[in-house]
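Student: Encoded as structure tokens, here's the structure I'll be asking about.
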Amino acid sequence: MEKYIEDTTLTRDFCKGKSAKLFKQVKDTKKPLRVTRNGKDYVVILDFDEYIKMVDKINSYERSIGVSKV
């Protein structure tokens, strides 16, 4: 997983009022942020524009192999 998402934080950082700083970091760097809870991966925070690019790539690939949306 580390090769895909380099930056990691803990859920407790959000409770300490650091959420705005963490969101800004994701927006500025365009790199996803992995959040861990109790030593396990919990969620990933993505920049919205990067998310849209990812979805477009997935949709393009699915169209190229003939996957139909129901």
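Going by the structure tokens order, chains are called A, B, ..., each with residues numbered from 1, while ligands are numbered from 1 in the order shown.
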What's the 12 Å shell around segment 4-19 of chain A, counting only C-alpha atoms, without same-chain residues fewer than 3 positions away, as an MDAnalysis selection string?

Tutor: chainID A and resid 1 22:26 29:46

Student: DSSP on the backbone, alpha helix (DSSP H) only: what residues of chain A does that give? Format it as a PyMOL selection string.

Tutor: chain A and resi 11-15+19-29+48-65

Student: Grab the residues selected above and save them as a PDB file, in the first residue's frame with C-alpha atoms.

Tutor:
ATOM      1  CA  THR A  11      -7.708   9.533  13.159  1.00  0.00           C
ATOM      2  CA  ARG A  12      -6.814  11.263  16.430  1.00  0.00           C
ATOM      3  CA  ASP A  13      -5.230  14.111  14.415  1.00  0.00           C
ATOM      4  CA  PHE A  14      -8.732  15.037  13.274  1.00  0.00           C
ATOM      5  CA  CYS A  15      -9.868  15.213  16.909  1.00  0.00           C
ATOM      6  CA  SER A  19      -8.378  18.466   9.882  1.00  0.00           C
ATOM      7  CA  ALA A  20      -8.244  21.774   7.997  1.00  0.00           C
ATOM      8  CA  LYS A  21      -4.463  21.505   7.754  1.00  0.00           C
ATOM      9  CA  LEU A  22      -4.678  17.908   6.526  1.00  0.00           C
ATOM     10  CA  PHE A  23      -7.316  18.748   3.907  1.00  0.00           C
ATOM     11  CA  LYS A  24      -5.216  21.681   2.708  1.00  0.00           C
ATOM     12  CA  GLN A  25      -2.189  19.402   2.435  1.00  0.00           C
ATOM     13  CA  VAL A  26      -4.151  16.996   0.203  1.00  0.00           C
ATOM     14  CA  LYS A  27      -5.495  19.846  -1.931  1.00  0.00           C
ATOM     15  CA  ASP A  28      -2.089  21.518  -2.344  1.00  0.00           C
ATOM     16  CA  THR A  29      -0.038  18.389  -3.038  1.00  0.00           C
ATOM     17  CA  PHE A  48     -11.632  15.970  -5.755  1.00  0.00           C
ATOM     18  CA  ASP A  49     -10.004  16.719  -9.130  1.00  0.00           C
ATOM     19  CA  GLU A  50      -7.729  13.692  -8.763  1.00  0.00           C
ATOM     20  CA  TYR A  51     -10.766  11.564  -7.890  1.00  0.00           C
ATOM     21  CA  ILE A  52     -12.544  12.688 -11.072  1.00  0.00           C
ATOM     22  CA  LYS A  53      -9.454  11.828 -13.142  1.00  0.00           C
ATOM     23  CA  MET A  54      -9.357   8.373 -11.545  1.00  0.00           C
ATOM     24  CA  VAL A  55     -13.037   7.738 -12.270  1.00  0.00           C
ATOM     25  CA  ASP A  56     -12.598   8.904 -15.876  1.00  0.00           C
ATOM     26  CA  LYS A  57      -9.700   6.461 -16.333  1.00  0.00           C
ATOM     27  CA  ILE A  58     -11.742   3.602 -14.875  1.00  0.00           C
ATOM     28  CA  ASN A  59     -14.724   4.419 -17.094  1.00  0.00           C
ATOM     29  CA  SER A  60     -12.492   4.695 -20.162  1.00  0.00           C
ATOM     30  CA  TYR A  61     -10.904   1.341 -19.410  1.00  0.00           C
ATOM     31  CA  GLU A  62     -14.279  -0.311 -18.848  1.00  0.00           C
ATOM     32  CA  ARG A  63     -15.554   1.031 -22.169  1.00  0.00           C
ATOM     33  CA  SER A  64     -12.423  -0.273 -23.917  1.00  0.00           C
ATOM     34  CA  ILE A  65     -13.018  -3.815 -22.659  1.00  0.00           C
TER      35      ILE A  65
END

Student: Using DSSP assignments from the backbone, pull out every residue in chain A that falls under strand (DSSP E or B) and give it to me as an MDAnalysis selection string.

Tutor: chainID A and resid 7:10 33:37 40:45
